[in-house]
Every structure is written in C-alpha cells, then in structure tokens.
>>> print(open('upload.tsv').read())   # TSV, C-alpha atoms and all ligand atoms
chain	number	residue	atom	x	y	z
A	1270	MET	CA	0.00	0.00	0.00
A	1271	THR	CA	1.21	3.50	-0.82
A	1272	LEU	CA	2.17	5.52	2.26
A	1273	ARG	CA	0.38	8.89	2.28
A	1274	ILE	CA	2.25	11.78	3.90
A	1275	ALA	CA	1.14	15.35	4.69
A	1276	VAL	CA	3.72	18.11	4.17
A	1277	PRO	CA	3.28	21.83	5.05
A	1278	ASN	CA	2.51	23.72	1.84
A	1279	LYS	CA	3.39	27.22	3.15
A	1280	GLY	CA	4.74	29.06	6.17
A	1281	SER	CA	7.69	28.56	8.50
A	1282	LEU	CA	7.81	24.76	8.26
A	1283	SER	CA	7.33	24.25	4.55
A	1284	GLN	CA	10.86	24.62	3.18
A	1285	SER	CA	12.64	22.68	5.93
A	1286	ALA	CA	10.05	19.90	5.76
A	1287	SER	CA	10.63	19.40	2.02
A	1288	GLU	CA	14.38	19.59	2.60
A	1289	ILE	CA	14.45	16.78	5.14
A	1290	LEU	CA	12.27	14.63	2.87
A	1291	ARG	CA	14.57	15.28	-0.08
A	1292	GLU	CA	17.61	14.39	2.01
A	1293	SER	CA	15.82	11.19	2.96
A	1294	GLY	CA	15.71	10.25	-0.70
A	1295	TYR	CA	12.12	11.21	-1.54
A	1296	ARG	CA	10.94	13.26	-4.49
A	1297	GLN	CA	9.54	16.66	-3.59
A	1298	ARG	CA	7.59	19.15	-5.66
A	1299	SER	CA	9.51	21.76	-7.65
A	1300	ASP	CA	6.52	24.08	-8.02
A	1301	SER	CA	4.97	25.48	-4.83
A	1302	LYS	CA	1.55	25.38	-6.51
A	1303	GLU	CA	1.54	21.56	-6.78
A	1304	LEU	CA	-0.97	20.07	-4.33
A	1305	ALA	CA	0.22	16.48	-4.36
A	1306	LEU	CA	3.16	14.48	-5.66
A	1307	SER	CA	3.54	10.77	-6.18
A	1308	ASP	CA	6.95	9.20	-5.55
A	1309	THR	CA	6.25	5.85	-7.20
A	1310	GLU	CA	9.79	4.54	-6.80
A	1311	ASN	CA	9.45	4.71	-3.02
A	1312	ASP	CA	5.72	4.02	-2.95
A	1313	VAL	CA	4.93	7.26	-1.14
A	1314	GLU	CA	2.46	10.01	-2.00
A	1315	PHE	CA	2.91	13.51	-0.59
A	1316	PHE	CA	0.03	15.93	0.01
A	1317	TYR	CA	0.86	19.61	0.50
A	1318	LEU	CA	-1.53	21.00	3.10
A	1319	ARG	CA	-1.80	23.84	5.59
A	1320	PRO	CA	0.26	22.86	8.64
A	1321	ARG	CA	-2.72	23.71	10.85
A	1322	ASP	CA	-4.85	21.08	9.09
A	1323	ILE	CA	-2.27	18.29	8.97
A	1324	ALA	CA	-2.96	16.80	12.44
A	1325	LEU	CA	-6.63	16.51	11.53
A	1326	TYR	CA	-5.97	14.47	8.35
A	1327	VAL	CA	-3.54	12.22	10.21
A	1328	GLY	CA	-5.79	11.87	13.28
A	1329	GLU	CA	-8.73	10.88	11.08
A	1330	GLY	CA	-6.58	8.27	9.36
A	1331	THR	CA	-7.07	9.89	5.94
A	1332	LEU	CA	-3.29	10.26	5.71
A	1333	ASP	CA	-0.72	7.98	7.34
A	1334	ALA	CA	1.74	10.55	8.70
A	1335	GLY	CA	2.64	14.21	8.45
A	1336	ILE	CA	4.98	17.00	9.41
A	1337	THR	CA	3.58	19.82	11.51
A	1338	GLY	CA	4.38	21.88	14.61
A	1339	ARG	CA	3.89	20.46	18.11
A	1340	ASP	CA	1.84	23.55	18.98
A	1341	LEU	CA	-0.46	22.97	15.99
A	1342	LEU	CA	-0.83	19.29	16.88
A	1343	LEU	CA	-1.84	20.14	20.46
A	1344	ASP	CA	-4.12	22.95	19.31
A	1345	SER	CA	-5.99	20.63	16.95
A	1346	GLY	CA	-6.93	18.11	19.64
A	1347	ALA	CA	-6.62	15.46	16.89
A	1348	LYS	CA	-5.96	11.80	17.68
A	1349	ALA	CA	-2.42	12.00	16.34
A	1350	THR	CA	0.82	11.48	18.17
A	1351	GLU	CA	4.47	12.58	17.86
A	1352	ALA	CA	6.70	9.96	16.25
A	1353	MET	CA	9.87	12.08	15.97
A	1354	GLN	CA	11.18	15.56	16.77
A	1355	LEU	CA	12.62	17.16	13.66
A	1356	GLY	CA	14.71	19.97	15.13
A	1357	PHE	CA	13.48	22.87	12.96
A	1358	GLY	CA	10.60	25.37	13.29
A	1359	ARG	CA	11.40	25.91	16.94
A	1360	SER	CA	9.27	28.43	18.80
A	1361	ARG	CA	7.89	29.19	22.25
A	1362	PHE	CA	4.26	29.88	23.02
A	1363	HIS	CA	3.70	32.83	25.34
A	1364	PHE	CA	1.14	35.21	26.71
A	1365	ALA	CA	2.00	38.84	26.03
A	1366	GLY	CA	0.58	42.24	26.87
A	1367	PRO	CA	1.54	45.91	26.77
A	1368	ALA	CA	5.15	46.06	28.02
A	1369	GLY	CA	5.25	46.36	31.84
A	1370	ARG	CA	1.46	45.99	32.35
A	1371	TYR	CA	1.25	42.33	33.45
A	1372	GLU	CA	3.61	40.12	35.43
A	1373	THR	CA	1.97	36.79	36.22
A	1374	LEU	CA	-0.45	34.45	34.50
A	1375	GLU	CA	-2.89	34.75	37.43
A	1376	GLU	CA	-3.62	38.25	36.14
A	1377	LEU	CA	-5.29	36.71	33.06
A	1378	ALA	CA	-8.53	36.26	35.03
A	1379	GLY	CA	-11.33	38.29	33.44
A	1380	LEU	CA	-9.22	39.51	30.51
A	1381	ARG	CA	-9.91	39.25	26.77
A	1382	ILE	CA	-7.28	37.08	25.09
A	1383	ALA	CA	-6.72	37.06	21.31
A	1384	THR	CA	-4.96	34.08	19.74
A	1385	SER	CA	-4.77	31.80	16.71
A	1386	TYR	CA	-4.28	28.88	19.10
A	1387	VAL	CA	-7.64	28.67	20.87
A	1388	GLY	CA	-7.20	24.98	21.73
A	1389	VAL	CA	-3.86	25.51	23.48
A	1390	VAL	CA	-5.07	28.62	25.33
A	1391	GLU	CA	-8.38	27.17	26.52
A	1392	ASP	CA	-6.65	24.02	27.68
A	1393	PHE	CA	-4.11	26.10	29.62
A	1394	LEU	CA	-6.83	28.25	31.24
A	1395	PHE	CA	-8.87	25.17	32.14
A	1396	ARG	CA	-5.91	23.43	33.80
A	1397	ARG	CA	-5.11	26.58	35.78
A	1398	GLY	CA	-8.77	27.20	36.66
A	1399	ILE	CA	-8.62	30.72	35.17
A	1400	GLN	CA	-11.77	32.31	33.68
A	1401	ALA	CA	-11.07	34.55	30.70
A	1402	SER	CA	-12.59	35.13	27.27
A	1403	VAL	CA	-10.75	33.88	24.21
A	1404	THR	CA	-11.09	35.35	20.72
A	1405	ARG	CA	-9.82	33.48	17.69
A	1406	LEU	CA	-7.88	35.51	15.13
A	1407	ASP	CA	-6.22	34.20	11.99
A	1408	GLY	CA	-2.95	36.10	12.37
A	1409	ALA	CA	-1.36	39.46	13.15
A	1410	VAL	CA	-2.71	39.01	16.68
A	1411	GLU	CA	-0.20	41.57	18.03
A	1412	THR	CA	-2.29	44.37	16.52
A	1413	SER	CA	-5.50	43.32	18.28
A	1414	ILE	CA	-4.58	45.02	21.57
A	1415	GLN	CA	-3.95	48.39	19.94
A	1416	LEU	CA	-7.25	48.04	18.08
A	1417	GLY	CA	-9.12	47.37	21.32
A	1418	VAL	CA	-10.25	43.82	20.53
A	1419	ALA	CA	-8.18	42.20	23.28
A	1420	ASP	CA	-6.28	42.99	26.49
A	1421	VAL	CA	-3.58	40.37	25.95
A	1422	ILE	CA	-2.51	37.92	23.25
A	1423	ALA	CA	-1.15	34.39	23.25
A	1424	ASP	CA	1.13	33.61	20.32
A	1425	VAL	CA	4.20	32.01	18.90
A	1426	VAL	CA	7.40	33.89	19.73
A	1427	GLU	CA	10.61	33.19	17.90
A	1428	THR	CA	12.95	36.18	17.91
A	1429	GLY	CA	10.53	38.44	19.79
A	1430	SER	CA	10.88	41.21	17.22
A	1431	THR	CA	7.18	41.22	16.26
A	1432	LEU	CA	6.16	41.69	19.91
A	1433	LYS	CA	8.71	44.43	20.41
A	1434	ALA	CA	7.56	46.31	17.33
A	1435	ALA	CA	4.01	46.28	18.71
A	1436	GLY	CA	5.15	47.57	22.13
A	1437	LEU	CA	4.29	44.24	23.77
A	1438	ALA	CA	6.23	41.93	26.10
A	1439	THR	CA	5.72	38.37	27.27
A	1440	PHE	CA	4.74	37.70	30.86
A	1441	GLY	CA	4.59	34.52	32.91
A	1442	GLU	CA	6.30	31.26	32.07
A	1443	VAL	CA	6.52	29.65	28.62
A	1444	ILE	CA	3.28	27.78	27.83
A	1445	LEU	CA	4.93	25.31	25.50
A	1446	ASP	CA	8.10	24.71	23.55
A	1447	SER	CA	7.39	23.78	19.97
A	1448	GLU	CA	9.28	22.43	17.00
A	1449	ALA	CA	8.41	20.54	13.83
A	1450	VAL	CA	7.41	16.96	14.54
A	1451	LEU	CA	6.60	13.87	12.51
A	1452	ILE	CA	3.15	12.69	13.52
A	1453	THR	CA	1.13	9.51	13.03
A	1454	ARG	CA	-2.26	8.36	14.14
A	1455	GLU	CA	-2.50	7.12	17.74
A	1456	GLY	CA	-2.30	3.34	18.02
A	1457	GLU	CA	-1.09	1.09	15.25
A	1458	ARG	CA	1.68	2.30	12.94
A	1459	PRO	CA	0.64	2.25	9.26
A	1460	GLU	CA	2.23	-0.24	6.84
A	1461	GLY	CA	5.44	1.10	5.31
A	1462	PHE	CA	5.85	3.71	8.04
A	1463	GLU	CA	8.88	2.01	9.65
A	1464	ILE	CA	11.04	2.48	6.53
A	1465	PHE	CA	9.93	6.10	6.17
A	1466	HIS	CA	10.69	6.70	9.87
A	1467	ARG	CA	14.12	5.05	9.62
A	1468	ARG	CA	15.08	7.17	6.62
A	1469	ILE	CA	14.18	10.43	8.37
A	1470	GLU	CA	15.89	9.28	11.54
A	1471	GLY	CA	19.01	8.56	9.44
A	1472	VAL	CA	19.04	12.16	8.23
A	1473	MET	CA	18.46	13.50	11.77
A	1474	VAL	CA	21.45	11.51	13.07
A	1475	ALA	CA	23.54	12.49	10.04
A	1476	ARG	CA	22.77	16.15	10.79
A	1477	SER	CA	23.77	15.95	14.42
A	1478	TYR	CA	26.88	13.76	14.07
A	1479	VAL	CA	30.13	14.06	12.14
A	1480	MET	CA	32.71	11.43	11.27
A	1481	MET	CA	36.06	11.95	12.97
A	1482	ASP	CA	39.32	10.37	11.76
A	1483	TYR	CA	42.69	10.69	13.42
A	1484	ASP	CA	46.08	8.99	13.69
A	1485	ILE	CA	47.62	8.31	17.08
A	1486	GLU	CA	50.47	6.42	18.69
A	1487	GLU	CA	49.29	3.09	20.12
A	1488	SER	CA	50.54	4.04	23.57
A	1489	ASN	CA	48.03	6.95	23.63
A	1490	LEU	CA	45.15	5.04	22.05
A	1491	GLU	CA	43.36	4.13	25.26
A	1492	ARG	CA	43.30	7.68	26.54
A	1493	ALA	CA	42.03	8.89	23.16
A	1494	THR	CA	39.23	6.32	22.96
A	1495	ASP	CA	38.24	7.08	26.57
A	1496	LEU	CA	37.92	10.71	25.52
A	1497	VAL	CA	36.02	9.93	22.28
A	1498	PRO	CA	34.27	6.57	22.65
A	1499	GLY	CA	31.88	7.05	19.72
A	1500	ARG	CA	28.39	5.60	19.41
A	1501	GLU	CA	29.28	1.93	19.12
A	1502	GLY	CA	33.05	2.01	19.63
A	1503	PRO	CA	35.83	3.25	17.36
A	1504	THR	CA	37.11	1.52	14.21
A	1505	ILE	CA	40.86	1.04	14.67
A	1506	SER	CA	43.00	0.26	11.61
A	1507	PRO	CA	46.76	-0.27	11.17
A	1508	LEU	CA	48.74	2.67	9.82
A	1509	GLY	CA	51.82	2.48	7.59
A	1510	LYS	CA	53.88	3.99	10.41
A	1511	ALA	CA	55.30	1.76	13.14
A	1512	GLY	CA	53.55	2.09	16.50
A	1513	TRP	CA	50.69	4.22	15.11
A	1514	VAL	CA	47.03	3.44	14.35
A	1515	ALA	CA	44.22	5.17	12.45
A	1516	VAL	CA	40.96	5.69	14.33
A	1517	ARG	CA	37.49	6.44	12.93
A	1518	VAL	CA	34.62	7.41	15.21
A	1519	MET	CA	31.22	9.15	15.03
A	1520	VAL	CA	30.93	12.18	17.32
A	1521	PRO	CA	28.18	14.73	18.03
A	1522	ARG	CA	28.67	17.77	15.81
A	1523	SER	CA	28.32	20.10	18.79
A	1524	GLY	CA	31.51	19.98	20.81
A	1525	SER	CA	33.47	18.27	18.01
A	1526	GLN	CA	35.93	21.17	17.71
A	1527	ARG	CA	36.72	20.94	21.43
A	1528	LEU	CA	37.33	17.20	21.05
A	1529	MET	CA	39.76	17.92	18.20
A	1530	ASP	CA	41.71	20.26	20.49
A	1531	GLU	CA	41.85	17.67	23.25
A	1532	LEU	CA	42.89	14.86	20.88
A	1533	TRP	CA	45.63	17.08	19.51
A	1534	SER	CA	46.91	17.62	23.05
A	1535	LEU	CA	46.97	13.84	23.50
A	1536	GLY	CA	49.25	13.57	20.47
A	1537	ALA	CA	46.70	12.72	17.78
A	1538	ARG	CA	47.51	14.07	14.33
A	1539	ALA	CA	45.76	14.30	10.93
A	1540	ILE	CA	42.45	14.85	12.72
A	1541	LEU	CA	39.66	15.15	10.15
A	1542	LEU	CA	35.95	15.89	10.48
A	1543	THR	CA	33.61	14.86	7.66
A	1544	ASP	CA	29.88	15.44	7.23
A	1545	ILE	CA	27.61	12.41	7.13
A	1546	HIS	CA	24.78	12.67	4.60
A	1547	ALA	CA	22.65	9.74	5.68
A	1548	CYS	CA	22.97	6.66	7.84
A	1549	ARG	CA	21.18	3.67	9.34
A	1550	LEU	CA	22.49	2.78	12.77
B	1	LIG	N1	8.55	32.89	13.50
B	1	LIG	C1	7.56	32.02	13.44
B	1	LIG	N2	6.32	32.41	13.17
B	1	LIG	C2	5.30	31.55	13.11
B	1	LIG	N3	5.42	30.24	13.31
B	1	LIG	C3	6.63	29.78	13.58
B	1	LIG	C4	7.76	30.63	13.68
B	1	LIG	N4	8.81	29.87	13.95
B	1	LIG	C5	8.36	28.63	14.05
B	1	LIG	N5	7.05	28.56	13.85
B	1	LIG	C6	6.23	27.35	13.86
B	1	LIG	O1	5.62	27.15	12.60
B	1	LIG	C7	4.31	26.63	12.75
B	1	LIG	C8	3.31	27.59	12.16
B	1	LIG	O2	3.32	27.40	10.84
B	1	LIG	P1	2.35	28.24	9.91
B	1	LIG	O3	2.76	27.89	8.55
B	1	LIG	O4	0.94	28.10	10.31
B	1	LIG	O5	2.67	29.68	10.37
B	1	LIG	P2	3.41	30.84	9.74
B	1	LIG	O6	4.84	30.55	9.52
B	1	LIG	O7	3.06	31.86	10.68
B	1	LIG	O8	2.71	30.96	8.32
B	1	LIG	P3	1.57	31.93	7.82
B	1	LIG	O9	1.35	32.94	8.87
B	1	LIG	O10	2.15	32.47	6.56
B	1	LIG	O11	0.41	31.05	7.57
B	1	LIG	C9	4.08	26.48	14.23
B	1	LIG	O12	4.38	25.16	14.60
B	1	LIG	C10	5.06	27.45	14.84
B	1	LIG	O13	5.48	27.07	16.14
B	2	LIG	O1	9.14	36.37	17.42
B	2	LIG	P1	9.19	36.63	15.97
B	2	LIG	O2	10.48	36.18	15.35
B	2	LIG	O3	8.88	38.04	15.62
B	2	LIG	O4	8.12	35.68	15.24
B	2	LIG	C1	6.82	35.52	15.75
B	2	LIG	C2	5.80	36.10	14.85
B	2	LIG	O5	5.80	35.41	13.60
B	2	LIG	C3	4.50	34.91	13.33
B	2	LIG	O6	3.76	35.77	12.57
B	2	LIG	P2	3.64	35.67	10.99
B	2	LIG	O7	4.75	36.38	10.32
B	2	LIG	O8	3.46	34.24	10.62
B	2	LIG	O9	2.33	36.46	10.69
B	2	LIG	P3	0.84	36.07	11.12
B	2	LIG	O10	0.69	36.54	12.52
B	2	LIG	O11	-0.03	36.80	10.18
B	2	LIG	O12	0.72	34.58	11.00
B	2	LIG	C4	3.90	34.76	14.72
B	2	LIG	O13	2.49	34.73	14.67
B	2	LIG	C5	4.42	35.96	15.44
B	2	LIG	O14	3.68	37.07	15.16
B	3	MG	MG	1.75	33.10	10.92
>>> encode(input="upload.tsv", output="structure tokens")
Amino acid sequence: MTLRIAVPNKGSLSQSASEILRESGYRQRSDSKELALSDTENDVEFFYLRPRDIALYVGEGTLDAGITGRDLLLDSGAKATEAMQLGFGRSRFHFAGPAGRYETLEELAGLRIATSYVGVVEDFLFRRGIQASVTRLDGAVETSIQLGVADVIADVVETGSTLKAAGLATFGEVILDSEAVLITREGERPEGFEIFHRRIEGVMVARSYVMMDYDIEESNLERATDLVPGREGPTISPLGKAGWVAVRVMVPRSGSQRLMDELWSLGARAILLTDIHACRL
C-alpha cells in the first residue's frame, strides 16, 4: 500500500520539511503550486496541506503521517501522536501584553485574550482554573490590543521582534516549547511507516553527528578512545607507520571542535571531520 504523507505547503515549516524529505531520498515538488506528488519509486504520496490542518488528516486516518508543529498538533486536539522531533521550526508559546502591564499568568482572570491557538489557550486556562474570554484571530494578533479587541494575546514567539515592534512583552512562564514533529495516528503504525521513519531518523542523526578520523600512537590510544568513545566504539586500523594506528569514530557535531583540540593535546595528528549525509544505525 502507498504511504500517504502530509507536508506543510506554506509558512515557516514548509521549506525545511521538504528539505528533510529530499535528504531522505524522496521526491519533492519543484513548483509550490503543486498540491500532491507521487513518488512511485518509493511508494509514497505527498500531500501539500496547511500545517494547521495536517494533524486533523492524520488523526482521522485519511493520511498515514505528516509533518507539523507540536503547537499545531496540540491545538488541533486530533488523535495523532508525535513519532519524531525534527529539530526545525522551533518556537515558544507565550502570553504577552503591553510592556510592563502584566507580570503573572494569574492576572489573566477576566481579561480578553486574542490568539490563533484557541485549543492551546483554553486548555491552559482550564488546567489553571482561570476564567477569561478567548477570541480566535487568523494572524497578526499583536495588533489586536492596539485596536481594542483584546487585552492580551497568546502567540508564537521566535525572535521576539514582532512583539517588540508592537510595544508588547511576554509575561509569565513559557506555555509550551514547539518544534516541527513527525506525527502519526495514535495506536497502530501504518504499513510502510517504519522504513519512512528510519530514513528520516538517518538524516536526523547524520545532521547531528560528524565522522572523525585521526592517527595516534598506540601508547596513547586508550586515553584517546576514553575521551572519544563514539556511538558503538571506534574503528581502529593499522597505519603504515610503526607504532601508530588510524581511528574512525562518530561524534556529536556540537563539541566536536573541542574534542579535536583535546585529541591534539593527546598527540593525535591528521584529525579530520567529515559530514555524514545519511545513515542507518
Ligand atoms: N517565526 C515564526 N512564526 C510563526 N510560526 C513559527 C515561527 N517559527 C516557528 N514557527 C512554527 O511554525 C508553525 C506555524 O506554521 P504556519 O505555517 O501556520 O505559520 P506561519 O509561519 O506563521 O505561516 P503563515 O502565517 O504564513 O500562515 C508552528 O508550529 C510554529 O510554532
Ligand atoms: O518572534 P518573531 O520572530 O517576531 O516571530 C513571531 C511572529 O511570527 C509569526 O507571525 P507571521 O509572520 O506568521 O504572521 P501572522 O501573525 O499573520 O501569522 C507569529 O504569529 C508571530 O507574530
Ligand atoms: Mg503566521
């Protein structure tokens, strides 16, 4: 059976979602007006939909999986679940009001709140036992306070520059941390999903790890492998230089420069870092 996948057609997640799918070896549309694309070689069909609607299609079982934001998934209340975090489209969800006016979330009681995320906001208010009125807006919610429609807003904050430009500031703690996620229906995984999942996971690992090679004197090998043990253990090969070996090991990209410095101090030489494009571990 052909696996049917929902991909954001516009907005913050769209480009990165297509990129990760391409890197995973799938065909992606070349024209942003295309609504669907069939990758017959891999037996997958992609549907380009609004990210806000994707959880609904997946939750209903109309589509097998999709890429959307965690905040949009939670807002939808759909019967879909996170299968993998994808590391892009990161944002925080916050309440905000005129700078300096509000300090704590208890002050929300009795206020008018404008948001595009009614599900998330009502759920938060319910759990806190706060009574307030919620107005749904499609976007540009920052302007609603100035226009007298709301006292406060609840919205996605990334850099904070939109809030600042509107003379607003966040108050209270972060309501939720969001990023792009791969979602499936709750319960049984659809046929063919495991391969799709493994391919994306391969790209995620490839993005966060690099391959490190170095040469070292055998007498220093143990200290070096203690310092850089790798995921499964290093590959150690003979080197055409008496008493020396060549070592190959996968290391997290973050901190890899520091490891190079430390290996150098241990006497390692010819230390190389190489990008990994895809992998199955
Ligand atoms: N700066 C940002 N603005 C909006 N959403 C962002 C931002 N950064 C990350 N996101 C995430 O992107 C998803 C929203 O995608 P969506 O395409 O609906 O919004 P958008 O980028 O605001 O697009 P548009 O407003 O053009 O419809 C959410 O999961 C949100 O957390
Ligand atoms: O913290 P920042 O980096 O400024 O980003 C956050 C802003 O970006 C989004 O708006 P968008 O541009 O999508 O417009 P919209 O409100 O019409 O959706 C979001 O709704 C915030 O307004
Ligand atoms: Mg928007």
>>> atom_distance(input="upload.tsv", atom1="atom CA of Ala1493 of chain A", atom2="atom CA of Val1479 of chain A")
17.0 Å
>>> closest_residue(input="upload.tsv", among="A:Arg1296, A:Arg1321, A:Arg1454, A:Arg1396", to="ligand MG 3 (chain B)", atoms="all atoms listed in the file")
A:Arg1321
>>> atom_distance(input="upload.tsv", atom1="atom O3 of ligand LIG 1 (chain B)", atom2="atom CA of Thr1384 of chain A")
14.9 Å
>>> residues_near_ligand(input="upload.tsv", ligand="ligand LIG 1 (chain B)", cutoff="8 Å", atoms="all atoms listed in the file", output="list of chain:residue names")
A:Pro1277, A:Asn1278, A:Lys1279, A:Gly1280, A:Ser1281, A:Leu1282, A:Ser1283, A:Arg1319, A:Pro1320, A:Arg1321, A:Thr1337, A:Gly1338, A:Arg1339, A:Asp1340, A:Leu1341, A:Phe1357, A:Gly1358, A:Arg1359, A:Ser1360, A:Arg1361, A:Phe1362, A:Gly1408, A:Val1425, A:Val1426, A:Glu1427, A:Thr1428, A:Ser1447, A:Glu1448, A:Ala1449
>>> residues_around(input="upload.tsv", residues="segment 1329-1334 of chain A", least_positions_apart="6", cutoff="9 Å", atoms="only C-alpha atoms", output="PyMOL selection string")
chain A and resi 1272-1275+1316+1323+1347-1349+1451-1454+1458-1460+1462
>>> residues_around(input="upload.tsv", residues="segment 1370-1380 of chain A", least_positions_apart="5", cutoff="9 Å", atoms="all atoms listed in the file", output="MDAnalysis selection string")
chainID A and resid 1364:1365 1394 1397 1399:1403 1419:1421 1438:1442
>>> write_last_selection(input="upload.tsv", atoms="C-alpha atoms", output="PDB file, keeping the file's coordinate frame")
ATOM      1  CA  PHE A1364       1.140  35.210  26.710  1.00  0.00           C
ATOM      2  CA  ALA A1365       2.000  38.840  26.030  1.00  0.00           C
ATOM      3  CA  LEU A1394      -6.830  28.250  31.240  1.00  0.00           C
ATOM      4  CA  ARG A1397      -5.110  26.580  35.780  1.00  0.00           C
ATOM      5  CA  ILE A1399      -8.620  30.720  35.170  1.00  0.00           C
ATOM      6  CA  GLN A1400     -11.770  32.310  33.680  1.00  0.00           C
ATOM      7  CA  ALA A1401     -11.070  34.550  30.700  1.00  0.00           C
ATOM      8  CA  SER A1402     -12.590  35.130  27.270  1.00  0.00           C
ATOM      9  CA  VAL A1403     -10.750  33.880  24.210  1.00  0.00           C
ATOM     10  CA  ALA A1419      -8.180  42.200  23.280  1.00  0.00           C
ATOM     11  CA  ASP A1420      -6.280  42.990  26.490  1.00  0.00           C
ATOM     12  CA  VAL A1421      -3.580  40.370  25.950  1.00  0.00           C
ATOM     13  CA  ALA A1438       6.230  41.930  26.100  1.00  0.00           C
ATOM     14  CA  THR A1439       5.720  38.370  27.270  1.00  0.00           C
ATOM     15  CA  PHE A1440       4.740  37.700  30.860  1.00  0.00           C
ATOM     16  CA  GLY A1441       4.590  34.520  32.910  1.00  0.00           C
ATOM     17  CA  GLU A1442       6.300  31.260  32.070  1.00  0.00           C
TER      18      GLU A1442
END
>>> closest_residue(input="upload.tsv", among="A:Ile1485, A:Ile1464, A:Ala1475, A:Val1410", to="Gly1512 of chain A", atoms="all atoms listed in the file")
A:Ile1485
>>> atom_distance(input="upload.tsv", atom1="atom CA of Glu1292 of chain A", atom2="atom CA of Pro1503 of chain A")
26.3 Å
>>> residues_near_point(input="upload.tsv", point="(13.8, 14.0, 0.0)", cutoff="12 Å", atoms="only C-alpha atoms", output="short mmCIF file (atom, residue, chain, number, x, y, z; two decimals) with C-alpha atoms, in the coordinates of the input")
data_model
loop_
_atom_site.label_atom_id
_atom_site.label_comp_id
_atom_site.auth_asym_id
_atom_site.auth_seq_id
_atom_site.Cartn_x
_atom_site.Cartn_y
_atom_site.Cartn_z
CA VAL A 1276 3.72 18.11 4.17
CA GLN A 1284 10.86 24.62 3.18
CA SER A 1285 12.64 22.68 5.93
CA ALA A 1286 10.05 19.90 5.76
CA SER A 1287 10.63 19.40 2.02
CA GLU A 1288 14.38 19.59 2.60
CA ILE A 1289 14.45 16.78 5.14
CA LEU A 1290 12.27 14.63 2.87
CA ARG A 1291 14.57 15.28 -0.08
CA GLU A 1292 17.61 14.39 2.01
CA SER A 1293 15.82 11.19 2.96
CA GLY A 1294 15.71 10.25 -0.70
CA TYR A 1295 12.12 11.21 -1.54
CA ARG A 1296 10.94 13.26 -4.49
CA GLN A 1297 9.54 16.66 -3.59
CA ARG A 1298 7.59 19.15 -5.66
CA SER A 1299 9.51 21.76 -7.65
CA ASP A 1308 6.95 9.20 -5.55
CA ASN A 1311 9.45 4.71 -3.02
CA VAL A 1313 4.93 7.26 -1.14
CA PHE A 1315 2.91 13.51 -0.59
CA PHE A 1465 9.93 6.10 6.17
CA ARG A 1468 15.08 7.17 6.62
CA ILE A 1469 14.18 10.43 8.37
CA VAL A 1472 19.04 12.16 8.23
CA HIS A 1546 24.78 12.67 4.60
CA ALA A 1547 22.65 9.74 5.68
#
>>> closest_residue(input="upload.tsv", among="A:Leu1528, A:Val1450, A:Leu1496, A:Ala1409", to="ligand MG 3 (chain B)", atoms="only C-alpha atoms and all ligand atoms")
A:Ala1409
>>> residues_near_point(input="upload.tsv", point="(34.5, 7.1, 23.2)", cutoff="12 Å", atoms="all atoms listed in the file", output="ChimeraX atom specification")
/A:1481,1490-1504,1516-1521,1528,1532
>>> closest_residue(input="upload.tsv", among="A:Ile1382, A:Leu1406, A:Ala1435, A:Leu1318", to="ligand MG 3 (chain B)", atoms="all atoms listed in the file")
A:Leu1406
>>> axis_aligned_box(input="upload.tsv", around="ligand LIG 2 (chain B)", padding_each_side="3 Å", output="JSON")
{"center_x": 5.2, "center_y": 36.1, "center_z": 13.8, "size_x": 16.5, "size_y": 9.8, "size_z": 13.2}
>>> residues_around(input="upload.tsv", residues="Trp1513 of chain A", least_positions_apart="3", cutoff="8 Å", atoms="only C-alpha atoms", output="MDAnalysis selection string")
chainID A and resid 1484:1487 1507:1510
>>> build_atoms(input="upload.tsv", residues="segment 1330-1345 of chain A", atoms="N, CA and C atoms", output="tab-separated table (two decimals), in the coordinates of the input")
chain	number	residue	atom	x	y	z
A	1330	GLY	N	-7.04	9.46	10.09
A	1330	GLY	CA	-6.58	8.27	9.36
A	1330	GLY	C	-6.67	8.43	7.85
A	1331	THR	N	-7.01	9.62	7.38
A	1331	THR	CA	-7.07	9.89	5.94
A	1331	THR	C	-5.67	9.84	5.34
A	1332	LEU	N	-4.70	10.33	6.12
A	1332	LEU	CA	-3.29	10.26	5.71
A	1332	LEU	C	-2.54	9.50	6.80
A	1333	ASP	N	-1.42	8.87	6.41
A	1333	ASP	CA	-0.72	7.98	7.34
A	1333	ASP	C	0.19	8.72	8.32
A	1334	ALA	N	0.80	9.81	7.86
A	1334	ALA	CA	1.74	10.55	8.70
A	1334	ALA	C	1.85	11.96	8.15
A	1335	GLY	N	2.49	12.84	8.92
A	1335	GLY	CA	2.64	14.21	8.45
A	1335	GLY	C	3.68	14.95	9.24
A	1336	ILE	N	4.06	16.10	8.71
A	1336	ILE	CA	4.98	17.00	9.41
A	1336	ILE	C	4.20	18.25	9.78
A	1337	THR	N	4.24	18.59	11.06
A	1337	THR	CA	3.58	19.82	11.51
A	1337	THR	C	4.31	20.32	12.76
A	1338	GLY	N	3.77	21.38	13.38
A	1338	GLY	CA	4.38	21.88	14.61
A	1338	GLY	C	3.72	21.23	15.82
A	1339	ARG	N	4.48	21.03	16.88
A	1339	ARG	CA	3.89	20.46	18.11
A	1339	ARG	C	2.73	21.32	18.60
A	1340	ASP	N	2.90	22.65	18.51
A	1340	ASP	CA	1.84	23.55	18.98
A	1340	ASP	C	0.56	23.37	18.17
A	1341	LEU	N	0.71	23.16	16.85
A	1341	LEU	CA	-0.46	22.97	15.99
A	1341	LEU	C	-1.12	21.62	16.26
A	1342	LEU	N	-0.30	20.62	16.54
A	1342	LEU	CA	-0.83	19.29	16.88
A	1342	LEU	C	-1.67	19.38	18.15
A	1343	LEU	N	-1.11	20.03	19.19
A	1343	LEU	CA	-1.84	20.14	20.46
A	1343	LEU	C	-3.09	20.99	20.29
A	1344	ASP	N	-2.98	22.06	19.51
A	1344	ASP	CA	-4.12	22.95	19.31
A	1344	ASP	C	-5.28	22.23	18.63
A	1345	SER	N	-4.95	21.30	17.75
A	1345	SER	CA	-5.99	20.63	16.95
A	1345	SER	C	-6.82	19.66	17.79
